[in-house]
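Everything below belongs to data_22.cif, which stores mmCIF, C-alpha atoms.
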data_start
#
loop_
_atom_site.label_atom_id
_atom_site.label_comp_id
_atom_site.auth_asym_id
_atom_site.auth_seq_id
_atom_site.Cartn_x
_atom_site.Cartn_y
_atom_site.Cartn_z
CA MET Z 115 0.00 0.00 0.00
CA ASN Z 116 1.17 3.50 -0.65
CA THR Z 117 0.81 6.37 1.81
CA GLY Z 118 -2.55 7.54 0.48
CA GLU Z 119 -4.07 4.06 0.67
CA LEU Z 120 -2.68 3.55 4.16
CA LYS Z 121 -4.24 6.83 5.25
CA THR Z 122 -7.63 5.87 3.87
CA LYS Z 123 -7.49 2.42 5.43
CA ILE Z 124 -6.40 3.67 8.85
CA THR Z 125 -9.02 6.41 8.85
CA GLU Z 126 -11.59 3.66 8.28
CA LEU Z 127 -10.25 1.77 11.27
CA LEU Z 128 -9.90 4.80 13.56
CA ALA Z 129 -11.61 8.02 12.58
CA ALA Z 130 -9.88 9.97 15.36
CA ALA Z 131 -6.38 9.33 13.95
CA THR Z 132 -4.45 12.33 12.63
CA PHE Z 133 -1.59 12.19 10.16
CA ASP Z 134 1.75 13.80 9.47
CA GLU Z 135 3.45 13.10 6.15
CA THR Z 136 6.54 15.27 6.51
CA GLY Z 137 8.86 12.37 7.39
CA GLU Z 138 10.02 9.39 5.38
CA TRP Z 139 7.07 7.33 6.60
CA LEU Z 140 3.46 8.10 7.36
CA ASN Z 141 3.11 9.29 10.97
CA ILE Z 142 -0.15 8.51 12.72
CA PHE Z 143 -1.12 10.18 15.97
CA VAL Z 144 -3.46 8.24 18.21
CA GLU Z 145 -4.80 8.64 21.75
CA PRO Z 146 -3.34 6.14 24.23
CA LYS Z 147 -6.81 4.66 24.80
CA ASP Z 148 -7.20 3.94 21.05
CA TRP Z 149 -3.83 2.27 20.69
CA LEU Z 150 -4.52 -1.35 21.66
CA PRO Z 151 -7.58 -1.92 19.42
CA LEU Z 152 -5.80 -0.19 16.53
CA ALA Z 153 -2.65 -2.26 17.07
CA GLN Z 154 -4.64 -5.47 16.86
CA GLN Z 155 -6.23 -4.35 13.60
CA LEU Z 156 -2.92 -3.22 12.13
CA ARG Z 157 -1.45 -6.62 12.87
CA HIS Z 158 -4.31 -8.77 11.63
CA GLU Z 159 -6.21 -6.74 8.99
CA GLU Z 160 -5.95 -8.63 5.71
CA SER Z 161 -4.65 -5.71 3.65
CA LEU Z 162 -2.24 -4.31 6.29
CA GLN Z 163 -0.55 -7.19 8.13
CA PHE Z 164 2.02 -5.17 10.08
CA ASP Z 165 3.82 -8.23 11.41
CA TYR Z 166 7.08 -6.54 12.35
CA LEU Z 167 7.49 -3.96 15.12
CA PHE Z 168 11.00 -2.77 14.33
CA CYS Z 169 11.31 0.06 16.79
CA LEU Z 170 9.56 0.96 20.02
CA THR Z 171 10.73 3.96 21.99
CA CYS Z 172 9.66 7.04 23.88
CA ILE Z 173 10.59 10.72 23.59
CA ASP Z 174 10.67 13.19 26.45
CA TRP Z 175 9.64 16.52 24.90
CA LYS Z 176 9.72 18.17 28.36
CA THR Z 177 6.06 19.17 27.84
CA ASN Z 178 4.99 15.54 27.48
CA LEU Z 179 6.13 11.99 26.86
CA THR Z 180 5.41 10.52 23.44
CA MET Z 181 5.45 6.83 22.63
CA VAL Z 182 6.75 5.96 19.15
CA TYR Z 183 6.13 2.66 17.37
CA HIS Z 184 7.66 1.83 13.98
CA LEU Z 185 5.75 -0.88 12.17
CA SER Z 186 6.55 -2.75 9.01
CA SER Z 187 4.94 -5.52 7.00
CA THR Z 188 7.25 -8.23 5.70
CA ILE Z 189 4.47 -9.23 3.29
CA PHE Z 190 3.55 -5.87 1.74
CA ARG Z 191 6.75 -3.98 2.59
CA HIS Z 192 4.95 -0.89 3.82
CA ASN Z 193 5.95 1.05 6.93
CA ILE Z 194 4.16 3.37 9.34
CA VAL Z 195 5.00 5.24 12.50
CA ILE Z 196 2.50 5.42 15.34
CA ARG Z 197 2.87 8.23 17.87
CA SER Z 198 0.90 8.56 21.05
CA VAL Z 199 1.16 11.51 23.42
CA LEU Z 200 0.88 10.29 26.99
CA ASN Z 201 -0.78 11.89 29.98
CA ASN Z 202 1.78 13.96 31.92
CA ASP Z 203 0.63 13.08 35.42
CA ASN Z 204 0.19 9.38 34.80
CA PRO Z 205 2.11 8.18 31.72
CA GLU Z 206 0.57 4.82 30.86
CA ILE Z 207 -0.42 2.93 27.75
CA GLU Z 208 -1.54 -0.60 26.93
CA SER Z 209 1.22 -3.13 26.34
CA VAL Z 210 1.39 -4.65 22.85
CA SER Z 211 3.80 -7.44 23.85
CA HIS Z 212 1.15 -10.10 23.18
CA ILE Z 213 0.80 -8.80 19.59
CA TRP Z 214 4.50 -8.29 18.84
CA LYS Z 215 6.67 -10.34 21.19
CA THR Z 216 9.62 -7.98 20.74
CA ALA Z 217 7.67 -5.28 22.55
CA ASP Z 218 8.20 -7.21 25.79
CA PHE Z 219 11.84 -6.12 26.24
CA HIS Z 220 11.38 -2.76 24.53
CA GLU Z 221 8.57 -1.85 26.87
CA ARG Z 222 10.62 -2.90 29.87
CA GLU Z 223 13.38 -0.58 28.68
CA VAL Z 224 10.99 2.34 28.18
CA TYR Z 225 9.51 1.55 31.59
CA GLU Z 226 12.87 1.87 33.36
CA MET Z 227 14.28 4.73 31.26
CA PHE Z 228 11.17 6.92 30.99
CA GLY Z 229 8.82 5.62 33.67
CA VAL Z 230 6.00 4.74 31.33
CA ASN Z 231 3.61 2.23 32.85
CA PHE Z 232 2.56 -0.49 30.39
CA LEU Z 233 -0.82 -1.89 31.28
CA ASN Z 234 -1.20 -5.68 31.13
CA HIS Z 235 2.50 -6.23 30.47
CA PRO Z 236 3.36 -9.82 31.50
CA ASP Z 237 6.61 -8.99 33.33
CA LEU Z 238 7.15 -5.28 33.83
CA ARG Z 239 10.44 -5.03 35.73
CA LEU Z 240 13.87 -3.48 35.17
CA LEU Z 241 15.77 -4.68 32.11
CA ILE Z 242 19.21 -3.01 32.09
CA LEU Z 243 19.39 -0.88 35.22
CA PRO Z 244 20.68 -2.54 38.41
CA ASP Z 245 18.26 -3.92 40.97
CA GLY Z 246 16.81 -1.43 43.39
CA TRP Z 247 16.83 1.40 40.85
CA GLU Z 248 13.02 1.78 40.77
CA GLY Z 249 11.58 5.26 40.72
CA LYS Z 250 14.29 7.28 38.92
CA ASN Z 251 14.18 7.39 35.14
CA PRO Z 252 17.55 8.35 33.65
CA MET Z 253 16.30 9.24 30.18
CA ARG Z 254 13.90 11.86 31.50
CA LYS Z 255 15.12 15.38 30.79
CA ASP Z 256 14.69 16.36 34.45
CA PHE Z 257 16.73 13.39 35.75
CA GLU Z 258 19.30 14.40 38.37
CA ASP Z 259 22.13 12.31 39.79
CA PRO Z 260 24.48 14.53 41.81
CA ILE Z 261 26.71 11.58 42.78
CA ASN Z 262 27.50 10.17 39.34
CA MET Z 263 26.77 13.05 37.04
CA ILE Z 264 29.20 15.89 36.30
CA LYS Z 265 27.18 18.65 34.68
CA LEU Z 266 28.64 20.73 31.88
CA MET W 1240 86.60 -9.21 20.27
CA SER W 1241 90.19 -8.40 20.93
CA ASP W 1242 92.34 -10.56 23.20
CA THR W 1243 93.94 -7.59 24.84
CA SER W 1244 90.75 -5.94 25.84
CA ASN W 1245 89.22 -5.92 29.25
CA ASN W 1246 87.91 -9.38 30.00
CA SER W 1247 84.36 -8.19 30.38
CA GLU W 1248 82.25 -6.76 27.62
CA THR W 1249 78.78 -5.42 27.80
CA PHE W 1250 76.48 -7.89 26.07
CA GLN W 1251 73.78 -5.27 26.00
CA ALA W 1252 73.99 -2.03 27.88
CA PRO W 1253 71.27 -2.17 30.48
CA PRO W 1254 69.85 1.19 31.50
CA SER W 1255 70.46 2.02 35.09
CA GLY W 1256 68.09 0.39 37.53
CA GLY W 1257 67.51 -2.90 35.77
CA GLY W 1258 67.36 -4.75 32.54
CA GLY W 1259 65.58 -2.36 30.22
CA GLY W 1260 65.83 -2.40 26.44
CA ASN W 1261 65.00 -5.33 24.27
CA GLY W 1262 68.02 -7.58 24.55
CA PHE W 1263 68.96 -10.05 27.24
CA PRO W 1264 69.80 -8.28 30.49
CA GLY W 1265 73.31 -9.31 31.37
CA GLN W 1266 77.01 -9.11 30.70
CA ILE W 1267 79.41 -11.57 29.11
CA GLN W 1268 82.30 -12.39 31.35
CA GLU W 1269 85.20 -13.60 29.25
CA ILE W 1270 87.02 -16.66 30.55
CA PRO W 1271 89.63 -18.80 28.82
CA GLY W 1272 87.90 -20.93 26.21
CA GLY W 1273 84.68 -18.88 26.04
CA GLY W 1274 82.59 -16.79 28.37
CA VAL W 1275 79.79 -16.79 30.89
CA VAL W 1276 76.80 -14.50 31.02
CA LEU W 1277 76.35 -12.72 34.29
CA SER W 1278 72.95 -11.42 35.19
CA LYS W 1279 70.52 -10.96 38.04
CA LEU W 1280 67.85 -13.61 38.33
CA ASP W 1281 65.17 -10.96 38.85
CA ASP W 1282 66.20 -9.29 35.61
CA VAL W 1283 66.10 -12.59 33.74
CA ILE W 1284 62.65 -13.37 35.14
CA ASN W 1285 61.35 -9.95 34.17
CA TRP W 1286 62.91 -10.26 30.73
CA ALA W 1287 61.24 -13.63 30.22
CA ARG W 1288 57.89 -12.47 31.50
CA SER W 1289 57.86 -9.29 29.45
CA ASN W 1290 58.23 -11.19 26.19
CA SER W 1291 55.28 -13.48 26.73
CA LEU W 1292 52.31 -11.45 27.89
CA TRP W 1293 48.96 -13.06 27.25
CA PRO W 1294 46.16 -10.53 27.02
CA LEU W 1295 42.67 -11.19 28.28
CA THR W 1296 39.97 -11.09 25.63
CA PHE W 1297 38.19 -8.10 27.08
CA ALA W 1298 36.64 -5.22 25.19
CA THR W 1299 33.65 -3.09 26.04
CA SER W 1300 33.36 -0.80 23.02
CA CYS W 1301 34.96 0.55 19.85
CA CYS W 1302 38.53 0.38 21.22
CA GLY W 1303 37.97 -3.37 21.09
CA ILE W 1304 37.78 -3.16 17.30
CA GLU W 1305 41.17 -1.43 17.21
CA MET W 1306 42.52 -4.06 19.59
CA MET W 1307 41.32 -6.75 17.17
CA ALA W 1308 43.09 -4.87 14.37
CA VAL W 1309 46.29 -4.97 16.41
CA ALA W 1310 45.84 -8.70 16.86
CA SER W 1311 45.30 -9.30 13.15
CA ALA W 1312 47.86 -9.70 10.39
CA LYS W 1313 48.53 -6.07 9.48
CA TYR W 1314 49.73 -4.94 12.93
CA ASP W 1315 50.13 -8.32 14.62
CA PHE W 1316 51.00 -7.97 18.30
CA SER W 1317 52.21 -11.56 18.30
CA ARG W 1318 55.50 -10.12 17.04
CA PHE W 1319 55.98 -8.81 20.56
CA GLY W 1320 54.74 -11.84 22.47
CA PHE W 1321 51.06 -10.98 22.85
CA GLU W 1322 49.76 -13.63 20.48
CA VAL W 1323 47.83 -15.83 22.85
CA ALA W 1324 44.68 -13.92 23.77
CA ARG W 1325 43.00 -15.78 26.59
CA ALA W 1326 39.29 -15.94 27.20
CA SER W 1327 39.87 -16.83 30.85
CA PRO W 1328 41.35 -14.33 33.31
CA ARG W 1329 43.07 -17.19 35.12
CA GLN W 1330 45.35 -17.69 32.11
CA ALA W 1331 45.91 -14.04 31.24
CA ASP W 1332 48.78 -11.76 32.24
CA VAL W 1333 47.57 -8.42 30.97
CA ILE W 1334 44.13 -6.90 30.71
CA ILE W 1335 43.66 -4.24 28.05
CA ILE W 1336 40.68 -2.16 29.13
CA ALA W 1337 39.42 -1.44 25.63
CA GLY W 1338 36.35 0.70 26.06
CA THR W 1339 33.88 2.40 28.33
CA ILE W 1340 33.44 1.05 31.83
CA VAL W 1341 29.95 1.69 33.17
CA ASN W 1342 28.93 1.46 36.79
CA LYS W 1343 27.28 -1.89 36.15
CA MET W 1344 30.45 -3.23 34.49
CA GLY W 1345 32.69 -2.01 37.34
CA PRO W 1346 32.23 -5.03 39.64
CA VAL W 1347 32.75 -7.36 36.66
CA LEU W 1348 36.04 -5.68 35.77
CA LYS W 1349 37.17 -5.88 39.41
CA ARG W 1350 36.29 -9.55 39.53
CA LEU W 1351 38.17 -10.32 36.31
CA TYR W 1352 41.22 -8.49 37.65
CA ASP W 1353 41.02 -10.36 40.94
CA GLN W 1354 40.82 -13.68 39.11
CA MET W 1355 44.01 -13.02 37.14
CA ALA W 1356 47.12 -14.70 38.53
CA ASP W 1357 50.02 -12.56 39.74
CA PRO W 1358 51.96 -10.94 38.22
CA LYS W 1359 49.31 -9.05 36.29
CA TYR W 1360 49.36 -5.85 34.32
CA VAL W 1361 46.75 -3.36 33.15
CA ILE W 1362 46.60 -1.13 30.09
CA ALA W 1363 43.91 1.55 29.91
CA MET W 1364 43.19 1.94 26.22
CA GLY W 1365 41.47 5.08 25.00
CA ALA W 1366 39.72 8.09 26.46
CA CYS W 1367 36.88 6.15 28.11
CA ALA W 1368 39.18 3.88 30.08
CA ILE W 1369 41.40 6.80 31.07
CA SER W 1370 38.80 9.31 32.24
CA GLY W 1371 35.34 8.49 30.90
CA GLY W 1372 36.32 10.45 27.79
CA PRO W 1373 33.33 11.59 25.74
CA PHE W 1374 31.06 10.38 28.55
CA PHE W 1375 32.67 12.49 31.26
CA TYR W 1376 29.82 15.01 31.43
CA ASN W 1377 26.10 14.55 31.84
CA THR W 1378 25.97 10.82 32.28
CA TYR W 1379 24.76 8.79 35.21
CA SER W 1380 26.26 5.48 34.21
CA VAL W 1381 29.92 5.82 33.17
CA VAL W 1382 32.91 5.33 35.49
CA LYS W 1383 35.20 8.35 35.09
CA GLY W 1384 38.35 6.35 34.53
CA ALA W 1385 38.95 2.64 34.98
CA ASP W 1386 41.67 3.44 37.53
CA HIS W 1387 38.86 4.12 39.99
CA ILE W 1388 38.37 0.36 39.98
CA ILE W 1389 41.72 -1.32 39.24
CA PRO W 1390 45.30 0.03 39.12
CA VAL W 1391 46.59 0.91 35.65
CA ASP W 1392 50.19 0.53 34.42
CA VAL W 1393 50.03 2.14 30.99
CA TYR W 1394 47.57 4.67 29.59
CA VAL W 1395 47.04 5.06 25.83
CA ALA W 1396 45.42 8.27 24.66
CA GLY W 1397 43.05 8.28 21.69
CA CYS W 1398 39.41 7.83 20.84
CA PRO W 1399 40.05 5.15 19.83
CA PRO W 1400 43.87 5.00 19.73
CA ARG W 1401 45.51 4.04 16.47
CA PRO W 1402 46.74 0.44 16.36
CA GLU W 1403 50.29 1.80 16.38
CA ALA W 1404 49.52 3.59 19.62
CA LEU W 1405 48.39 0.37 21.26
CA LEU W 1406 51.52 -1.38 19.99
CA HIS W 1407 53.57 1.41 21.52
CA ALA W 1408 51.70 0.95 24.79
CA LEU W 1409 52.37 -2.77 24.76
CA ILE W 1410 56.08 -2.17 24.15
CA SER W 1411 56.08 0.46 26.90
CA LEU W 1412 54.56 -2.10 29.24
CA GLN W 1413 57.28 -4.59 28.33
CA ASP W 1414 59.90 -1.97 29.05
CA LYS W 1415 58.27 -1.17 32.37
CA ILE W 1416 58.27 -4.84 33.34
CA LYS W 1417 61.94 -5.20 32.39
CA ARG W 1418 62.76 -2.29 34.64
CA GLY W 1419 60.69 -3.78 37.42
CA LEU W 1420 58.55 -0.67 37.67
CA THR W 1421 55.01 -1.97 37.32
CA ARG W 1422 52.74 -1.66 40.31
CA GLU W 1423 52.67 -5.42 40.84
CA GLN W 1424 56.44 -5.69 40.83
CA ILE W 1425 56.93 -2.80 43.22
CA LYS W 1426 54.32 -4.29 45.55
CA SER W 1427 55.91 -7.74 45.57
CA GLY W 1428 59.49 -6.45 45.66
CA LEU W 1429 60.45 -8.15 42.40
#
Do you think you could lay out the structure here as structure tokens?
Amino acid sequence: MNTGELKTKITELLAAATFDETGEWLNIFVEPKDWLPLAQQLRHEESLQFDYLFCLTCIDWKTNLTMVYHLSSTIFRHNIVIRSVLNNDNPEIESVSHIWKTADFHEREVYEMFGVNFLNHPDLRLLILPDGWEGKNPMRKDFEDPINMIKL
Amino acid sequence: MSDTSNNSETFQAPPSGGGGGNGFPGQIQEIPGGGVVLSKLDDVINWARSNSLWPLTFATSCCGIEMMAVASAKYDFSRFGFEVARASPRQADVIIIAGTIVNKMGPVLKRLYDQMADPKYVIAMGACAISGGPFFYNTYSVVKGADHIIPVDVYVAGCPPRPEALLHALISLQDKIKRGLTREQIKSGL
């Protein structure tokens, strides 16, 4: 599918989705609450079949946290980017690890680095950071560590 | 060699304070029918040790790639006695800290060093191992110099150092061992 067809198809699936075509791939903005049902459709819809989640990360824009999912289809070779702006006070979004298994580790990393809570994640605990780290998220822009960090 | 000369000739002039340089540390003492080599046992031991240093296979980032280049045919540190890279610290003599040491890696590095048999030597390769390098500022996870964890004998500057620089460091370490000036040797009185 080309970008126009993808837009039409995704608008059918989720009328509330908004688009940004400035980048290499079609960017789709969705509300966190709409993400899980959309993800299931993206994975299983006959004409889409996004079977490969090749990047899952989060961005701290200081004003908000934004989840970013890069999806690809190994069958149709089309790519999209899903972005979801999270609630500032309580950053949480549904886990998609049961749809794309790779999301399991990626979500654990985003959980420890950005403090995003993934609902219904099977095993949401620290991935890279040492035990007992809970509560401080080093990739947040406001992260402070006066013991280890030398500020420039 | 002239018959009328002094009956002792310097086999290889050792620099003051021990058997430095690359040759055998000792003097030939001429006696009728030949000669004997006079040397100090400590110097001979250091000379022998310095020419067979087995490095530990240990690399934590891009300096490791340069270290592999030094091990391969073009630079080839086996010419200087470093050919047998060991995957076990118990069989290694020298650890080349090739890369960034993060706080989580610190205890692992300490443990590897502790598991190495004496005498053991340490080379800090590159900016990260020396001081944290490009990760000195604004990071929560990087150790600002591997010498916060284990003692270092030779530092090599660079990011990463050229293979020639690492070779120079290895030769410098050999020279230091021959002179008996590494930390281990001073500690044990060798």
Distance cut-off 10 Å, counting only C-alpha atoms - which residues of chain W neighbour chain Z? Return them as a ChimeraX atom specification.
/W:1342-1343,1374-1383
Residue subset to file, keeping C-alpha atoms, as a PDB file, in the coordinates of the input:
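Final file, result36.pdb:
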ATOM      1  CA  ASN W1342      28.930   1.460  36.790  1.00  0.00           C
ATOM      2  CA  LYS W1343      27.280  -1.890  36.150  1.00  0.00           C
ATOM      3  CA  PHE W1374      31.060  10.380  28.550  1.00  0.00           C
ATOM      4  CA  PHE W1375      32.670  12.490  31.260  1.00  0.00           C
ATOM      5  CA  TYR W1376      29.820  15.010  31.430  1.00  0.00           C
ATOM      6  CA  ASN W1377      26.100  14.550  31.840  1.00  0.00           C
ATOM      7  CA  THR W1378      25.970  10.820  32.280  1.00  0.00           C
ATOM      8  CA  TYR W1379      24.760   8.790  35.210  1.00  0.00           C
ATOM      9  CA  SER W1380      26.260   5.480  34.210  1.00  0.00           C
ATOM     10  CA  VAL W1381      29.920   5.820  33.170  1.00  0.00           C
ATOM     11  CA  VAL W1382      32.910   5.330  35.490  1.00  0.00           C
ATOM     12  CA  LYS W1383      35.200   8.350  35.090  1.00  0.00           C
TER      13      LYS W1383
END
Let me make sure I understand: among Z:Arg197, Z:Phe190, Z:Glu223, Z:Asn251, which one has the smallest atom-to-atom distance to Arg239 in chain Z if we use only C-alpha atoms?
Z:Glu223
Please check which residues have atoms at most 12 Å from (3.6, -10.5, 21.7) in the file's coordinates, counting all atoms listed in the file, and write them as number ranges by chain.
Z: 153-154, 157, 165-167, 209-221, 234-236
Range 1321-1338 of chain W environment, 6 Å, all atoms listed in the file, sequence neighbours closer than 4 positions dropped, as a PyMOL selection string:
chain W and resi 1292-1296+1298-1300+1302-1303+1316-1317+1351+1354-1356+1359-1364+1367-1368
Running the PyMOL selection byres ((chain Z and resi 142-149) around 6) on this model by hand, what would come out? Give it as JSON, numbers by chain.
{"Z": [131, 132, 133, 141, 150, 151, 152, 153, 196, 197, 198, 207]}
For the atom pair CA of Arg1288 in chain W and CA of Arg1422 in chain W, what is the interatomic distance in Å to one decimal place?
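Computing it gives 14.9 Å between the two atoms.
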Considering only C-alpha atoms, return as a ChimeraX atom specification whatever protein or nucleic-acid residues lie within 8 Å of Cys172 in chain Z, sequence-local ones (same chain, fewer than 6 positions apart) excluded.
/Z:179-182,224,228
Of the residues Z:Gln155, Z:Pro205, Z:Asn231, Z:Val195, which is the one nearest to Thr136 in chain Z, using all atoms listed in the file?
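Counting all atoms listed in the file, the residue closest to Thr136 in chain Z is Z:Val195.
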Measure the distance from CA of Lys255 in chain Z to CA of Glu206 in chain Z in Å and round it to one decimal.
18.0 Å
